[in-house]
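Trainee: Sending over final_33.txt (compact mmCIF, C-alpha atoms).
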# COMPACT_ATOMS: atom_id res chain seq x y z
CA MET A 1388 186.76 254.35 155.60
CA GLY A 1389 184.67 252.24 158.00
CA LEU A 1390 182.18 253.53 160.51
CA LEU A 1391 184.61 252.90 163.39
CA SER A 1392 188.27 253.86 163.48
CA LYS A 1393 190.80 251.72 165.37
CA LYS A 1394 190.55 254.03 168.38
CA ASP A 1395 186.75 253.86 168.29
CA THR A 1396 186.85 250.07 168.06
CA LYS A 1397 189.15 249.90 171.09
CA LEU A 1398 186.60 251.87 173.11
CA ILE A 1399 184.24 248.92 172.68
CA THR A 1400 186.66 245.98 172.73
CA ASP A 1401 189.03 246.97 175.56
CA PRO A 1402 186.39 246.77 178.33
CA LEU A 1403 185.42 243.29 177.10
CA ALA A 1404 188.76 241.85 178.16
CA ASP A 1405 191.93 243.66 179.19
CA ASN A 1406 190.19 246.67 180.76
CA ASN A 1407 187.04 245.01 182.04
CA PRO A 1408 185.21 247.21 184.56
CA ILE A 1409 184.57 244.33 186.98
CA THR A 1410 187.63 242.08 186.73
CA ILE A 1411 190.30 244.73 186.02
CA GLN A 1412 188.92 247.99 187.41
CA VAL A 1413 187.05 246.14 190.19
CA LEU A 1414 183.90 248.26 189.84
CA GLY A 1415 180.25 247.20 190.00
CA ILE A 1416 180.98 244.21 192.22
CA CYS A 1417 177.86 244.68 194.37
CA SER A 1418 175.35 243.83 191.65
CA ALA A 1419 177.58 240.99 190.42
CA LEU A 1420 177.16 239.40 193.85
CA ALA A 1421 173.52 240.25 194.43
CA ILE A 1422 171.48 239.49 191.31
CA THR A 1423 173.40 236.74 189.48
CA ALA A 1424 171.69 233.74 191.10
CA GLU A 1425 169.40 233.73 188.03
CA LEU A 1426 170.54 234.15 184.44
CA LYS A 1427 167.41 236.11 183.48
CA ALA A 1428 168.04 238.70 186.19
CA SER A 1429 171.67 238.98 185.05
CA ILE A 1430 170.60 239.62 181.46
CA VAL A 1431 167.97 242.21 182.40
CA MET A 1432 170.39 244.06 184.68
CA SER A 1433 172.96 244.02 181.87
CA VAL A 1434 170.47 245.52 179.40
CA ALA A 1435 169.46 248.14 181.97
CA VAL A 1436 173.07 249.22 182.54
CA LEU A 1437 173.68 249.18 178.76
CA PHE A 1438 170.82 251.65 178.29
CA VAL A 1439 171.70 253.88 181.24
CA LEU A 1440 175.43 254.06 180.50
CA GLY A 1441 175.09 254.42 176.72
CA VAL A 1442 172.45 257.17 176.86
CA GLY A 1443 173.86 258.77 180.01
CA ASN A 1444 177.33 259.15 178.53
CA VAL A 1445 175.86 260.93 175.50
CA VAL A 1446 173.75 263.29 177.64
CA ILE A 1447 176.68 264.20 179.89
CA SER A 1448 178.91 264.70 176.85
CA LEU A 1449 176.38 267.05 175.22
CA MET A 1450 176.18 269.11 178.41
CA ARG A 1451 179.89 268.99 179.28
CA ASN A 1452 180.58 272.61 178.34
CA ILE A 1453 177.69 274.07 180.31
CA ILE A 1454 177.96 272.06 183.53
CA PRO A 1455 179.61 274.11 186.33
CA SER A 1456 182.44 272.02 187.77
CA LYS A 1457 181.24 272.54 191.35
CA ILE A 1458 177.91 270.80 190.70
CA ARG A 1459 178.95 268.27 188.06
CA ILE A 1460 178.41 265.28 190.38
CA ILE A 1461 174.88 266.47 191.19
CA VAL A 1462 174.12 266.86 187.48
CA GLN A 1463 175.50 263.38 186.78
CA LEU A 1464 173.32 261.89 189.53
CA ILE A 1465 170.22 263.64 188.15
CA VAL A 1466 170.91 262.28 184.64
CA VAL A 1467 171.50 258.70 185.78
CA ALA A 1468 168.54 258.81 188.21
CA SER A 1469 166.21 259.95 185.40
CA LEU A 1470 167.36 257.10 183.17
CA VAL A 1471 167.04 254.55 185.99
CA ILE A 1472 163.45 255.70 186.64
CA ILE A 1473 162.67 254.99 182.97
CA VAL A 1474 164.21 251.51 183.28
CA ASP A 1475 162.30 250.83 186.50
CA GLN A 1476 158.96 251.88 185.03
CA VAL A 1477 159.50 249.81 181.88
CA LEU A 1478 160.31 246.74 184.00
CA LYS A 1479 157.20 247.24 186.13
CA ALA A 1480 155.07 247.60 183.01
CA PHE A 1481 156.41 244.64 181.01
CA ALA A 1482 158.19 242.32 183.49
CA TYR A 1483 156.60 242.92 186.88
CA GLU A 1484 157.75 239.67 188.52
CA LEU A 1485 161.30 240.27 187.39
CA SER A 1486 161.14 243.86 188.61
CA LYS A 1487 160.25 242.53 192.07
CA THR A 1488 163.23 240.15 191.93
CA LEU A 1489 165.62 242.96 191.03
CA SER A 1490 163.77 245.39 193.33
CA VAL A 1491 166.25 247.72 195.04
CA PHE A 1492 169.14 246.73 192.79
CA VAL A 1493 167.68 248.62 189.82
CA GLY A 1494 167.67 251.77 191.94
CA LEU A 1495 171.25 251.11 192.96
CA ILE A 1496 172.30 251.53 189.31
CA ILE A 1497 172.26 255.23 190.24
CA THR A 1498 175.33 254.73 192.43
CA ASN A 1499 177.02 252.13 190.22
CA CYS A 1500 180.72 253.02 190.22
CA ILE A 1501 181.08 252.06 186.55
CA ILE A 1502 178.47 254.59 185.42
CA MET A 1503 179.64 257.49 187.58
CA GLY A 1504 183.24 256.65 186.72
CA ARG A 1505 182.66 256.79 182.95
CA PHE A 1506 180.69 260.04 183.27
CA GLU A 1507 183.52 261.63 185.21
CA ALA A 1508 186.52 260.09 183.43
CA PHE A 1509 185.32 260.04 179.82
CA ALA A 1510 182.01 261.73 178.96
CA LEU A 1511 183.01 265.06 180.50
CA GLY A 1512 186.06 265.26 178.25
CA ASN A 1513 184.94 263.73 174.95
CA GLY A 1514 182.32 264.16 172.23
CA PRO A 1515 178.95 262.37 172.10
CA TRP A 1516 179.98 259.65 169.61
CA LYS A 1517 183.09 258.56 171.47
CA SER A 1518 181.21 258.81 174.77
CA PHE A 1519 178.45 256.58 173.38
CA LEU A 1520 180.98 253.96 172.26
CA ASP A 1521 182.74 254.13 175.63
CA GLY A 1522 179.44 253.65 177.43
CA ILE A 1523 178.44 250.71 175.25
CA GLY A 1524 181.87 249.09 175.61
CA ASN A 1525 181.97 249.32 179.39
CA ALA A 1526 178.35 248.19 179.72
CA LEU A 1527 179.08 245.17 177.52
CA GLY A 1528 182.16 244.38 179.59
CA TYR A 1529 180.00 244.51 182.71
CA ALA A 1530 177.32 242.40 181.01
CA VAL A 1531 179.74 239.65 179.93
CA ILE A 1532 180.85 239.04 183.53
CA LEU A 1533 177.30 239.20 184.92
CA ILE A 1534 176.02 236.70 182.34
CA ILE A 1535 178.93 234.28 182.87
CA VAL A 1536 178.44 234.37 186.63
CA GLY A 1537 174.65 234.07 186.31
CA PHE A 1538 175.00 231.15 183.88
CA PHE A 1539 177.13 229.02 186.20
CA ARG A 1540 175.30 229.96 189.40
CA GLU A 1541 171.87 229.05 188.03
CA LEU A 1542 173.08 225.96 186.18
CA LEU A 1543 174.99 224.44 189.08
CA GLY A 1544 172.79 225.82 191.84
CA SER A 1545 169.33 225.10 190.42
CA GLY A 1546 169.95 222.86 187.41
CA THR A 1547 168.13 225.34 185.19
CA LEU A 1548 168.88 228.10 182.68
CA LEU A 1549 166.38 230.94 182.32
CA GLY A 1550 164.13 228.85 184.55
CA ILE A 1551 164.15 225.88 182.16
CA PRO A 1552 165.44 222.55 183.59
CA VAL A 1553 168.51 221.45 181.61
CA LEU A 1554 170.09 218.83 183.85
CA GLY A 1555 166.96 216.74 184.39
CA ASP A 1556 164.41 216.50 187.20
CA PRO A 1557 165.93 216.37 190.70
CA ILE A 1558 162.71 214.92 192.15
CA GLU A 1559 162.09 212.26 189.51
CA LYS A 1560 165.86 211.61 189.35
CA THR A 1561 166.17 211.97 185.58
CA GLY A 1562 169.13 213.26 183.57
CA VAL A 1563 172.34 213.76 185.55
CA TYR A 1564 170.38 213.37 188.79
CA SER A 1565 169.95 209.69 187.93
CA ILE A 1566 173.69 209.14 188.50
CA GLY A 1567 173.70 210.81 191.90
CA TYR A 1568 174.26 214.48 191.00
CA GLU A 1569 172.70 217.02 193.35
CA ASN A 1570 172.27 220.79 192.95
CA ASN A 1571 174.87 222.81 194.83
CA GLY A 1572 172.85 225.21 196.99
CA PHE A 1573 176.02 227.11 197.87
CA MET A 1574 176.12 228.36 194.26
CA LEU A 1575 172.98 230.40 194.95
CA MET A 1576 174.63 232.28 197.82
CA PRO A 1577 176.34 235.66 197.14
CA PRO A 1578 179.86 234.51 198.21
CA MET A 1579 179.89 232.04 195.30
CA ALA A 1580 179.56 234.92 192.84
CA LEU A 1581 182.74 236.40 194.29
CA ILE A 1582 184.52 233.07 193.89
CA ILE A 1583 183.44 232.80 190.23
CA VAL A 1584 184.58 236.37 189.56
CA GLY A 1585 187.89 235.46 191.21
CA LEU A 1586 188.26 232.47 188.88
CA ILE A 1587 187.56 234.69 185.86
CA ILE A 1588 190.23 237.14 187.08
CA TRP A 1589 192.68 234.23 187.47
CA VAL A 1590 191.97 233.02 183.90
CA GLN A 1591 192.38 236.56 182.53
CA ARG A 1592 195.72 237.07 184.20
CA SER A 1593 196.92 233.60 183.20
CA ARG A 1594 196.21 234.42 179.54
CA ASN A 1595 197.67 237.94 179.74
CA THR A 1596 200.49 238.24 182.29
CA ASP A 1597 200.74 242.00 181.65
CA LEU A 1598 197.61 242.36 183.81
CA ILE A 1599 199.41 240.98 186.88
CA GLU A 1600 200.26 243.76 189.30
CA ASP A 1601 203.81 244.01 190.65
What would the structure in this file look like if it were written as structure tokens?
Mentor:
Amino acid sequence: MGLLSKKDTKLITDPLADNNPITIQVLGICSALAITAELKASIVMSVAVLFVLGVGNVVISLMRNIIPSKIRIIVQLIVVASLVIIVDQVLKAFAYELSKTLSVFVGLIITNCIIMGRFEAFALGNGPWKSFLDGIGNALGYAVILIIVGFFRELLGSGTLLGIPVLGDPIEKTGVYSIGYENNGFMLMPPMALIIVGLIIWVQRSRNTDLIED
């Protein structure tokens, strides 16, 4: 018997596509709009949420039988805030410039609907292992969308990926700039992230018509 059963595997794979937290559940949209102008910031935010949601789900699951129902939201906030502080301090220690770019958005992980939603809907009613898989699956689903949006916004808006020029030099007019291409500054504005997410939703529903609401 493998490490993961079919049900366990679905906890990881479902949020990657047909139950994606951003495009299907429409959660975590704020950070998808705010920090995806650069691919590096998208990746770091994805890793941060992966850590917070994976570990947080396990902690909440371990405490699920001792948390009074009347204060469960407060306990959940304390757990996620503690994990976010760890992420914030690690970023300041090892990636200070990037931590300044993400600034307030790291702190806003505390109120990320995806994290609080998985604590409430899954971790409080399931064991640590399943809760860990659920956290990893939903964080990866969130990460996939953030990275796709960040990839296209940085590429088409700045002509770079991870800060490295890939389309040529817009000043020296090399690469695609030599044939008249210009960076689309609109791609770097938050509304463009919403448009890209909308296109991803359209592609998803075109491939799987069961996702289309009546």
Trainee: Have a look at CA of Gly1512 in chain A and CA of Val1531 in chain A and let me know their distance in Å, one decimal.
Mentor: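 These two atoms are separated by 26.4 Å.
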Trainee: In terms of the shortest atom-to-atom distance over only C-alpha atoms, which of A:Cys1417, A:Leu1511, A:Ile1588, A:Leu1533 is closest to Val1462 in chain A?
Mentor: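 When distances to Val1462 in chain A are compared using only C-alpha atoms, the smallest one comes from A:Leu1511.
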Trainee: Please list as a ChimeraX atom specification every residue within 10 Å of Thr1498 in chain A, counting only C-alpha atoms and excluding residues in the same chain fewer than 2 positions away.
Mentor: /A:1415,1464,1467-1468,1494-1496,1500-1504
Trainee: Neighbours of Ser1448 in chain A within 7 Å (all atoms listed in the file; same-chain residues fewer than 6 positions away dropped), as a list of chain:residue names?
Mentor: A:Ala1510, A:Leu1511, A:Asn1513, A:Gly1514, A:Pro1515, A:Ser1518
Trainee: Please indicate the distance in Å from CA of Gln1463 in chain A to CA of Lys1393 in chain A, rounded to one decimal place.
Mentor: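 Spanning CA of Gln1463 in chain A to CA of Lys1393 in chain A is a straight-line distance of 28.8 Å.
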Trainee: Please indicate the distance in Å from CA of Val1431 in chain A to CA of Leu1485 in chain A, rounded to one decimal place.
Mentor: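 If I compute the distance from CA of Val1431 in chain A to CA of Leu1485 in chain A, I get 8.6 Å.
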Trainee: Using all atoms listed in the file, which of the listed residues (A:Thr1400, A:Ser1392, A:Asn1406, A:Ser1418) sits closest to Gln1591 in chain A?
Mentor: A:Asn1406
Trainee: Find the residue from A:Ile1453, A:Val1553, A:Val1584, A:Val1445 that sits nearest to Asp1521 in chain A; use only C-alpha atoms when measuring.
Mentor: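 Among the listed residues, A:Val1445 lies closest to Asp1521 in chain A.
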Trainee: So which residues touch Leu1554 in chain A within 12 Å, counting only C-alpha atoms, skipping near sequence neighbours fewer than 3 positions away, as a short mmCIF file (atom, residue, chain, number, x, y, z; two decimals) with C-alpha atoms, keeping the file's coordinate frame?
Mentor:
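Result written to part06.cif:
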data_model
loop_
_atom_site.label_atom_id
_atom_site.label_comp_id
_atom_site.auth_asym_id
_atom_site.auth_seq_id
_atom_site.Cartn_x
_atom_site.Cartn_y
_atom_site.Cartn_z
CA GLU A 1541 171.87 229.05 188.03
CA LEU A 1542 173.08 225.96 186.18
CA LEU A 1543 174.99 224.44 189.08
CA GLY A 1544 172.79 225.82 191.84
CA SER A 1545 169.33 225.10 190.42
CA GLY A 1546 169.95 222.86 187.41
CA THR A 1547 168.13 225.34 185.19
CA LEU A 1548 168.88 228.10 182.68
CA GLY A 1550 164.13 228.85 184.55
CA ILE A 1551 164.15 225.88 182.16
CA PRO A 1557 165.93 216.37 190.70
CA ILE A 1558 162.71 214.92 192.15
CA GLU A 1559 162.09 212.26 189.51
CA LYS A 1560 165.86 211.61 189.35
CA THR A 1561 166.17 211.97 185.58
CA GLY A 1562 169.13 213.26 183.57
CA VAL A 1563 172.34 213.76 185.55
CA TYR A 1564 170.38 213.37 188.79
CA SER A 1565 169.95 209.69 187.93
CA ILE A 1566 173.69 209.14 188.50
CA GLY A 1567 173.70 210.81 191.90
CA TYR A 1568 174.26 214.48 191.00
CA GLU A 1569 172.70 217.02 193.35
CA ASN A 1570 172.27 220.79 192.95
#
Trainee: From the list A:Ser1433, A:Asp1405, A:Ser1469, A:Ala1526, which residue is nearest Leu1489 in chain A when using only C-alpha atoms?
Mentor: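 Closest to Leu1489 in chain A of all the choices is A:Ser1433.
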Trainee: Can you tell me which residues surround Gly1522 in chain A at a distance of at most 10 Å, considering only C-alpha atoms, apart from same-chain residues fewer than 4 positions away, and format the answer as a VMD selection string?
Mentor: chain A and resid 1398 to 1399 1402 1436 to 1445 1501 to 1502 1505 to 1506 1509 to 1510 1516 to 1518 1526 to 1528
Trainee: When you look at Leu1478 in chain A with a cut-off of 12 Å (counting all atoms listed in the file), what residues show up, excluding the ones that are within fewer than 2 positions of it in the same chain? I need them as a list of chain:residue names.
Mentor: A:Ala1428, A:Val1431, A:Met1432, A:Val1434, A:Ala1435, A:Val1471, A:Ile1472, A:Ile1473, A:Val1474, A:Asp1475, A:Gln1476, A:Ala1480, A:Phe1481, A:Ala1482, A:Tyr1483, A:Glu1484, A:Leu1485, A:Ser1486, A:Lys1487, A:Thr1488, A:Leu1489, A:Ser1490, A:Val1493, A:Gly1494
Trainee: Would you mind telling me which residue in A:Ile1583, A:Leu1598, A:Ile1411, A:Val1491 lies nearest to Phe1538 in chain A when using only C-alpha atoms?
Mentor: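 Distance minimum relative to Phe1538 in chain A lands on A:Ile1583.
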